[in-house]
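Chemist: File run.cif follows (mmCIF, C-alpha atoms; chains and numbers go by the auth columns):
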```cif
data_model
#
loop_
_atom_site.group_PDB
_atom_site.id
_atom_site.type_symbol
_atom_site.label_atom_id
_atom_site.label_comp_id
_atom_site.label_asym_id
_atom_site.label_seq_id
_atom_site.Cartn_x
_atom_site.Cartn_y
_atom_site.Cartn_z
_atom_site.B_iso_or_equiv
_atom_site.auth_seq_id
_atom_site.auth_asym_id
ATOM 1 C CA GLN A 1 -0.301 -6.007 -4.429 0.00 1 A
ATOM 2 C CA VAL A 2 2.266 -4.115 -2.345 0.00 2 A
ATOM 3 C CA ARG A 3 5.774 -5.501 -2.035 0.00 3 A
ATOM 4 C CA VAL A 4 8.029 -4.667 0.911 0.00 4 A
ATOM 5 C CA VAL A 5 11.761 -5.311 0.642 0.00 5 A
ATOM 6 C CA GLU A 6 14.371 -4.891 3.370 0.00 6 A
ATOM 7 C CA SER A 7 18.116 -4.610 2.886 0.00 7 A
ATOM 8 C CA GLY A 8 21.226 -3.815 4.869 0.00 8 A
ATOM 9 C CA GLY A 9 21.475 -6.656 7.342 0.00 9 A
ATOM 10 C CA GLY A 10 24.733 -8.386 8.146 0.00 10 A
ATOM 11 C CA LEU A 11 27.252 -9.523 10.726 0.00 11 A
ATOM 12 C CA VAL A 12 28.837 -6.884 12.942 0.00 12 A
ATOM 13 C CA GLN A 13 30.629 -6.692 16.255 0.00 13 A
ATOM 14 C CA ALA A 14 29.235 -5.306 19.468 0.00 14 A
ATOM 15 C CA GLY A 15 29.413 -1.529 19.477 0.00 15 A
ATOM 16 C CA ASP A 16 29.249 -1.266 15.695 0.00 16 A
ATOM 17 C CA SER A 17 26.564 0.430 13.624 0.00 17 A
ATOM 18 C CA LEU A 18 24.347 -0.825 10.826 0.00 18 A
ATOM 19 C CA ARG A 19 21.699 0.799 8.671 0.00 19 A
ATOM 20 C CA LEU A 20 18.679 -1.039 7.375 0.00 20 A
ATOM 21 C CA SER A 21 16.612 0.151 4.442 0.00 21 A
ATOM 22 C CA CYS A 22 13.085 -0.708 3.427 0.00 22 A
ATOM 23 C CA ALA A 23 11.262 0.107 0.219 0.00 23 A
ATOM 24 C CA THR A 24 7.711 -0.524 -0.893 0.00 24 A
ATOM 25 C CA SER A 25 6.536 -1.007 -4.426 0.00 25 A
ATOM 26 C CA GLY A 26 3.398 -2.016 -6.227 0.00 26 A
ATOM 27 C CA ARG A 27 0.612 -0.590 -8.301 0.00 27 A
ATOM 28 C CA THR A 28 -2.309 -1.379 -6.030 0.00 28 A
ATOM 29 C CA PHE A 29 -2.168 1.951 -4.193 0.00 29 A
ATOM 30 C CA PRO A 30 0.029 4.234 -6.308 0.00 30 A
ATOM 31 C CA ASP A 31 -0.943 7.369 -4.386 0.00 31 A
ATOM 32 C CA ALA A 32 -0.945 5.843 -0.909 0.00 32 A
ATOM 33 C CA ASN A 33 1.246 7.138 1.883 0.00 33 A
ATOM 34 C CA PHE A 34 2.396 4.366 4.171 0.00 34 A
ATOM 35 C CA ALA A 35 3.132 4.531 7.843 0.00 35 A
ATOM 36 C CA MET A 36 5.987 2.114 8.382 0.00 36 A
ATOM 37 C CA GLY A 37 7.533 0.144 11.170 0.00 37 A
ATOM 38 C CA TRP A 38 10.344 -2.208 12.062 0.00 38 A
ATOM 39 C CA PHE A 39 9.935 -5.376 14.048 0.00 39 A
ATOM 40 C CA ARG A 40 12.421 -8.097 14.930 0.00 40 A
ATOM 41 C CA GLN A 41 12.370 -11.727 15.919 0.00 41 A
ATOM 42 C CA ALA A 42 15.201 -13.489 17.691 0.00 42 A
ATOM 43 C CA PRO A 43 15.521 -17.293 17.709 0.00 43 A
ATOM 44 C CA GLY A 44 13.017 -18.840 20.104 0.00 44 A
ATOM 45 C CA LYS A 45 11.326 -15.514 20.809 0.00 45 A
ATOM 46 C CA GLU A 46 8.199 -13.788 19.611 0.00 46 A
ATOM 47 C CA ARG A 47 8.298 -10.969 17.102 0.00 47 A
ATOM 48 C CA GLU A 48 8.711 -7.647 18.877 0.00 48 A
ATOM 49 C CA PHE A 49 8.280 -4.012 17.964 0.00 49 A
ATOM 50 C CA VAL A 50 11.398 -1.934 17.306 0.00 50 A
ATOM 51 C CA ALA A 51 10.388 1.425 15.845 0.00 51 A
ATOM 52 C CA ALA A 52 7.700 3.113 13.758 0.00 52 A
ATOM 53 C CA ILE A 53 7.296 6.301 11.776 0.00 53 A
ATOM 54 C CA SER A 54 4.260 8.137 10.466 0.00 54 A
ATOM 55 C CA TRP A 55 3.755 8.570 6.755 0.00 55 A
ATOM 56 C CA SER A 56 4.871 12.206 6.978 0.00 56 A
ATOM 57 C CA GLY A 57 7.883 11.411 9.130 0.00 57 A
ATOM 58 C CA SER A 58 6.765 13.860 11.799 0.00 58 A
ATOM 59 C CA THR A 59 6.085 11.204 14.444 0.00 59 A
ATOM 60 C CA THR A 60 8.322 8.359 15.577 0.00 60 A
ATOM 61 C CA THR A 61 7.973 5.704 18.255 0.00 61 A
ATOM 62 C CA TYR A 62 10.625 3.396 19.713 0.00 62 A
ATOM 63 C CA ALA A 63 10.778 0.344 21.904 0.00 63 A
ATOM 64 C CA ASP A 64 12.481 1.079 25.214 0.00 64 A
ATOM 65 C CA SER A 65 15.204 -1.431 24.411 0.00 65 A
ATOM 66 C CA VAL A 66 16.432 0.571 21.402 0.00 66 A
ATOM 67 C CA LYS A 67 15.599 4.130 22.434 0.00 67 A
ATOM 68 C CA GLY A 68 18.688 6.318 22.168 0.00 68 A
ATOM 69 C CA ARG A 69 20.533 3.800 19.980 0.00 69 A
ATOM 70 C CA PHE A 70 18.257 3.349 16.950 0.00 70 A
ATOM 71 C CA THR A 71 16.863 6.059 14.697 0.00 71 A
ATOM 72 C CA ILE A 72 14.031 5.575 12.221 0.00 72 A
ATOM 73 C CA SER A 73 13.606 8.049 9.381 0.00 73 A
ATOM 74 C CA ARG A 74 11.907 8.351 6.033 0.00 74 A
ATOM 75 C CA GLY A 75 14.048 7.604 3.022 0.00 75 A
ATOM 76 C CA GLY A 76 14.500 9.905 0.046 0.00 76 A
ATOM 77 C CA ALA A 77 11.957 8.080 -2.082 0.00 77 A
ATOM 78 C CA LYS A 78 8.295 7.865 -1.249 0.00 78 A
ATOM 79 C CA ASN A 79 7.290 5.059 1.092 0.00 79 A
ATOM 80 C CA THR A 80 10.822 4.135 2.047 0.00 80 A
ATOM 81 C CA VAL A 81 12.243 4.011 5.535 0.00 81 A
ATOM 82 C CA LEU A 82 15.661 3.715 7.148 0.00 82 A
ATOM 83 C CA LEU A 83 16.680 2.283 10.495 0.00 83 A
ATOM 84 C CA GLN A 84 20.026 3.507 11.771 0.00 84 A
ATOM 85 C CA MET A 85 21.263 1.175 14.487 0.00 85 A
ATOM 86 C CA ASP A 86 24.154 2.346 16.661 0.00 86 A
ATOM 87 C CA ASN A 87 25.971 0.765 19.578 0.00 87 A
ATOM 88 C CA LEU A 88 24.653 -2.665 18.691 0.00 88 A
ATOM 89 C CA ASN A 89 24.836 -5.473 21.203 0.00 89 A
ATOM 90 C CA ALA A 90 24.266 -9.224 21.103 0.00 90 A
ATOM 91 C CA GLU A 91 20.652 -8.799 22.238 0.00 91 A
ATOM 92 C CA ASP A 92 19.947 -6.991 18.966 0.00 92 A
ATOM 93 C CA THR A 93 20.630 -10.167 16.995 0.00 93 A
ATOM 94 C CA ALA A 94 17.441 -11.039 15.139 0.00 94 A
ATOM 95 C CA VAL A 95 15.682 -11.085 11.818 0.00 95 A
ATOM 96 C CA TYR A 96 14.422 -7.565 11.213 0.00 96 A
ATOM 97 C CA TYR A 97 11.141 -7.081 9.396 0.00 97 A
ATOM 98 C CA CYS A 98 9.748 -3.974 7.770 0.00 98 A
ATOM 99 C CA ALA A 99 6.004 -3.386 7.757 0.00 99 A
ATOM 100 C CA ALA A 100 3.781 -0.843 6.046 0.00 100 A
ATOM 101 C CA ASP A 101 0.160 0.220 6.018 0.00 101 A
ATOM 102 C CA ALA A 102 -1.708 3.149 4.491 0.00 102 A
ATOM 103 C CA ARG A 103 -4.493 3.225 7.094 0.00 103 A
ATOM 104 C CA ILE A 104 -2.360 4.175 10.113 0.00 104 A
ATOM 105 C CA ALA A 105 -2.755 7.863 10.950 0.00 105 A
ATOM 106 C CA GLY A 106 0.331 8.187 13.137 0.00 106 A
ATOM 107 C CA THR A 107 2.446 5.343 14.433 0.00 107 A
ATOM 108 C CA THR A 108 1.660 2.037 16.044 0.00 108 A
ATOM 109 C CA SER A 109 3.601 -0.780 17.684 0.00 109 A
ATOM 110 C CA ASP A 110 0.788 -3.256 17.043 0.00 110 A
ATOM 111 C CA PRO A 111 1.887 -5.699 14.327 0.00 111 A
ATOM 112 C CA GLN A 112 -1.726 -6.520 13.524 0.00 112 A
ATOM 113 C CA MET A 113 -2.224 -2.987 12.238 0.00 113 A
ATOM 114 C CA TYR A 114 0.211 -3.539 9.368 0.00 114 A
ATOM 115 C CA ASP A 115 -1.029 -5.223 6.224 0.00 115 A
ATOM 116 C CA TYR A 116 2.231 -5.480 4.301 0.00 116 A
ATOM 117 C CA TRP A 117 5.408 -7.185 5.457 0.00 117 A
ATOM 118 C CA GLY A 118 8.835 -7.875 4.044 0.00 118 A
ATOM 119 C CA GLN A 119 10.680 -11.174 4.145 0.00 119 A
ATOM 120 C CA GLY A 120 13.150 -9.952 6.737 0.00 120 A
ATOM 121 C CA THR A 121 16.875 -9.296 6.887 0.00 121 A
ATOM 122 C CA GLN A 122 19.253 -10.947 9.326 0.00 122 A
ATOM 123 C CA VAL A 123 21.246 -8.854 11.770 0.00 123 A
ATOM 124 C CA THR A 124 23.861 -10.686 13.789 0.00 124 A
ATOM 125 C CA VAL A 125 25.928 -8.971 16.461 0.00 125 A
ATOM 126 C CA SER A 126 28.921 -10.837 17.829 0.00 126 A
ATOM 127 C CA SER A 127 30.074 -10.047 21.337 0.00 127 A
#
```
Before anything else, please render the file you have as structure tokens.
Modeler:
Amino acid sequence: QVRVVESGGGLVQAGDSLRLSCATSGRTFPDANFAMGWFRQAPGKEREFVAAISWSGSTTTYADSVKGRFTISRGGAKNTVLLQMDNLNAEDTAVYYCAADARIAGTTSDPQMYDYWGQGTQVTVSS
């Protein structure tokens, strides 16, 4: 079983920055390389794609709503990912979920392509 754990959420003011981290663990696929992505879900809305990164880190994809403000990158440890969020606004308020899958060759914004999901971390931006 693969476990996905997010951290770094919190309450910030509009214009502030926040960095989310995500780590995977588990012994099911010890040598697997995971492509990873971030999704978010605001109250009363469907889960939406935020950003994704290939297992090598060479390819990244962003939703239009965060392009230029958010940066996804691989963490220092294997199968970890960071999401640097700058110039946050109230519309970014949501629960942010990290997802991972070893079968994705590049990146994908399709949540159905990810097998492993974290429990989510709350990001609240006050205006």
Chemist: Nearest to Thr24 (chain A) among A:Pro111, A:Gly106, A:Gly9, A:Gly75, with distances taken over only C-alpha atoms: which residue is it?
Modeler: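 For Thr24 (chain A), the nearest of the candidates is A:Gly75.
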Chemist: Can you tell me how far CA of Gln112 (chain A) sits from CA of Met85 (chain A), in Å to one decimal?
Modeler: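 CA of Met85 (chain A) lies 24.3 Å from CA of Gln112 (chain A).
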Chemist: Using only C-alpha atoms, give me every residue within 9 Å of (-0.5, 6.3, -0.5) in file coordinates, as a short mmCIF file (atom, residue, chain, number, x, y, z; two decimals) with C-alpha atoms, in the coordinates of the input.
Modeler:
```cif
data_model
loop_
_atom_site.label_atom_id
_atom_site.label_comp_id
_atom_site.auth_asym_id
_atom_site.auth_seq_id
_atom_site.Cartn_x
_atom_site.Cartn_y
_atom_site.Cartn_z
CA PHE A 29 -2.17 1.95 -4.19
CA PRO A 30 0.03 4.23 -6.31
CA ASP A 31 -0.94 7.37 -4.39
CA ALA A 32 -0.94 5.84 -0.91
CA ASN A 33 1.25 7.14 1.88
CA PHE A 34 2.40 4.37 4.17
CA TRP A 55 3.76 8.57 6.76
CA LYS A 78 8.30 7.86 -1.25
CA ASN A 79 7.29 5.06 1.09
CA ASP A 101 0.16 0.22 6.02
CA ALA A 102 -1.71 3.15 4.49
#
```
Chemist: Go through A:Asn89, A:Ser21, A:Ser54, A:Thr121 and flag the residue nearest Val66 (chain A), using only C-alpha atoms for the distances.
Modeler: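 Selected residue with least distance to Val66 (chain A): A:Asn89.
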Chemist: Show which residues sit within 9 Å of Tyr62 (chain A), as JSON, numbers by chain. Count all atoms listed in the file, and ignore same-chain residues fewer than 5 positions away.
Modeler: {"A": [49, 50, 51, 52, 67, 68, 70, 71, 72, 109]}
Chemist: Would you mind putting N, CA and C atoms back on region 44-75 of chain A and writing the result as a CSV table (one decimal), in the coordinates of the input?
Modeler:
```csv
chain,number,residue,atom,x,y,z
A,44,GLY,N,13.7,-18.4,18.9
A,44,GLY,CA,13.0,-18.8,20.1
A,44,GLY,C,12.2,-17.8,20.8
A,45,LYS,N,12.1,-16.6,20.2
A,45,LYS,CA,11.3,-15.5,20.8
A,45,LYS,C,10.2,-15.0,19.9
A,46,GLU,N,9.3,-14.3,20.4
A,46,GLU,CA,8.2,-13.8,19.6
A,46,GLU,C,8.7,-12.5,18.9
A,47,ARG,N,8.0,-12.2,17.8
A,47,ARG,CA,8.3,-11.0,17.1
A,47,ARG,C,8.0,-9.8,18.0
A,48,GLU,N,8.9,-8.8,18.0
A,48,GLU,CA,8.7,-7.6,18.9
A,48,GLU,C,8.9,-6.4,18.1
A,49,PHE,N,8.2,-5.3,18.6
A,49,PHE,CA,8.3,-4.0,18.0
A,49,PHE,C,9.6,-3.4,18.2
A,50,VAL,N,10.1,-2.7,17.2
A,50,VAL,CA,11.4,-1.9,17.3
A,50,VAL,C,11.2,-0.4,17.2
A,51,ALA,N,10.6,0.0,16.1
A,51,ALA,CA,10.4,1.4,15.8
A,51,ALA,C,9.3,1.6,14.8
A,52,ALA,N,8.7,2.8,14.8
A,52,ALA,CA,7.7,3.1,13.8
A,52,ALA,C,7.8,4.6,13.4
A,53,ILE,N,7.3,4.9,12.2
A,53,ILE,CA,7.3,6.3,11.8
A,53,ILE,C,6.0,6.6,11.0
A,54,SER,N,5.5,7.8,11.2
A,54,SER,CA,4.3,8.1,10.5
A,54,SER,C,4.6,8.4,9.0
A,55,TRP,N,3.5,8.4,8.2
A,55,TRP,CA,3.8,8.6,6.8
A,55,TRP,C,4.5,9.9,6.4
A,56,SER,N,4.2,10.9,7.2
A,56,SER,CA,4.9,12.2,7.0
A,56,SER,C,6.3,12.3,7.6
A,57,GLY,N,6.6,11.4,8.5
A,57,GLY,CA,7.9,11.4,9.1
A,57,GLY,C,7.9,12.3,10.4
A,58,SER,N,6.8,12.9,10.7
A,58,SER,CA,6.8,13.9,11.8
A,58,SER,C,6.7,13.2,13.2
A,59,THR,N,6.2,11.9,13.2
A,59,THR,CA,6.1,11.2,14.4
A,59,THR,C,6.9,9.9,14.4
A,60,THR,N,7.6,9.6,15.5
A,60,THR,CA,8.3,8.4,15.6
A,60,THR,C,8.1,7.8,17.0
A,61,THR,N,8.2,6.4,17.0
A,61,THR,CA,8.0,5.7,18.3
A,61,THR,C,9.0,4.6,18.3
A,62,TYR,N,9.6,4.4,19.5
A,62,TYR,CA,10.6,3.4,19.7
A,62,TYR,C,10.3,2.5,20.9
A,63,ALA,N,10.8,1.2,20.8
A,63,ALA,CA,10.8,0.3,21.9
A,63,ALA,C,11.8,0.8,22.9
A,64,ASP,N,11.6,0.6,24.2
A,64,ASP,CA,12.5,1.1,25.2
A,64,ASP,C,13.9,0.5,25.0
A,65,SER,N,13.9,-0.7,24.5
A,65,SER,CA,15.2,-1.4,24.4
A,65,SER,C,16.1,-0.8,23.4
A,66,VAL,N,15.6,0.0,22.5
A,66,VAL,CA,16.4,0.6,21.4
A,66,VAL,C,16.5,2.1,21.5
A,67,LYS,N,15.7,2.7,22.3
A,67,LYS,CA,15.6,4.1,22.4
A,67,LYS,C,17.0,4.7,22.7
A,68,GLY,N,17.4,5.7,22.0
A,68,GLY,CA,18.7,6.3,22.2
A,68,GLY,C,19.8,5.7,21.4
A,69,ARG,N,19.5,4.5,20.8
A,69,ARG,CA,20.5,3.8,20.0
A,69,ARG,C,20.1,3.7,18.5
A,70,PHE,N,18.8,3.5,18.3
A,70,PHE,CA,18.3,3.3,17.0
A,70,PHE,C,17.5,4.6,16.5
A,71,THR,N,17.6,4.9,15.2
A,71,THR,CA,16.9,6.1,14.7
A,71,THR,C,16.1,5.6,13.4
A,72,ILE,N,14.8,5.9,13.4
A,72,ILE,CA,14.0,5.6,12.2
A,72,ILE,C,13.8,6.9,11.5
A,73,SER,N,13.8,6.8,10.2
A,73,SER,CA,13.6,8.0,9.4
A,73,SER,C,13.0,7.7,8.0
A,74,ARG,N,12.4,8.6,7.4
A,74,ARG,CA,11.9,8.4,6.0
A,74,ARG,C,13.1,8.4,5.1
A,75,GLY,N,13.0,7.6,4.0
A,75,GLY,CA,14.0,7.6,3.0
A,75,GLY,C,13.8,8.7,2.0
```
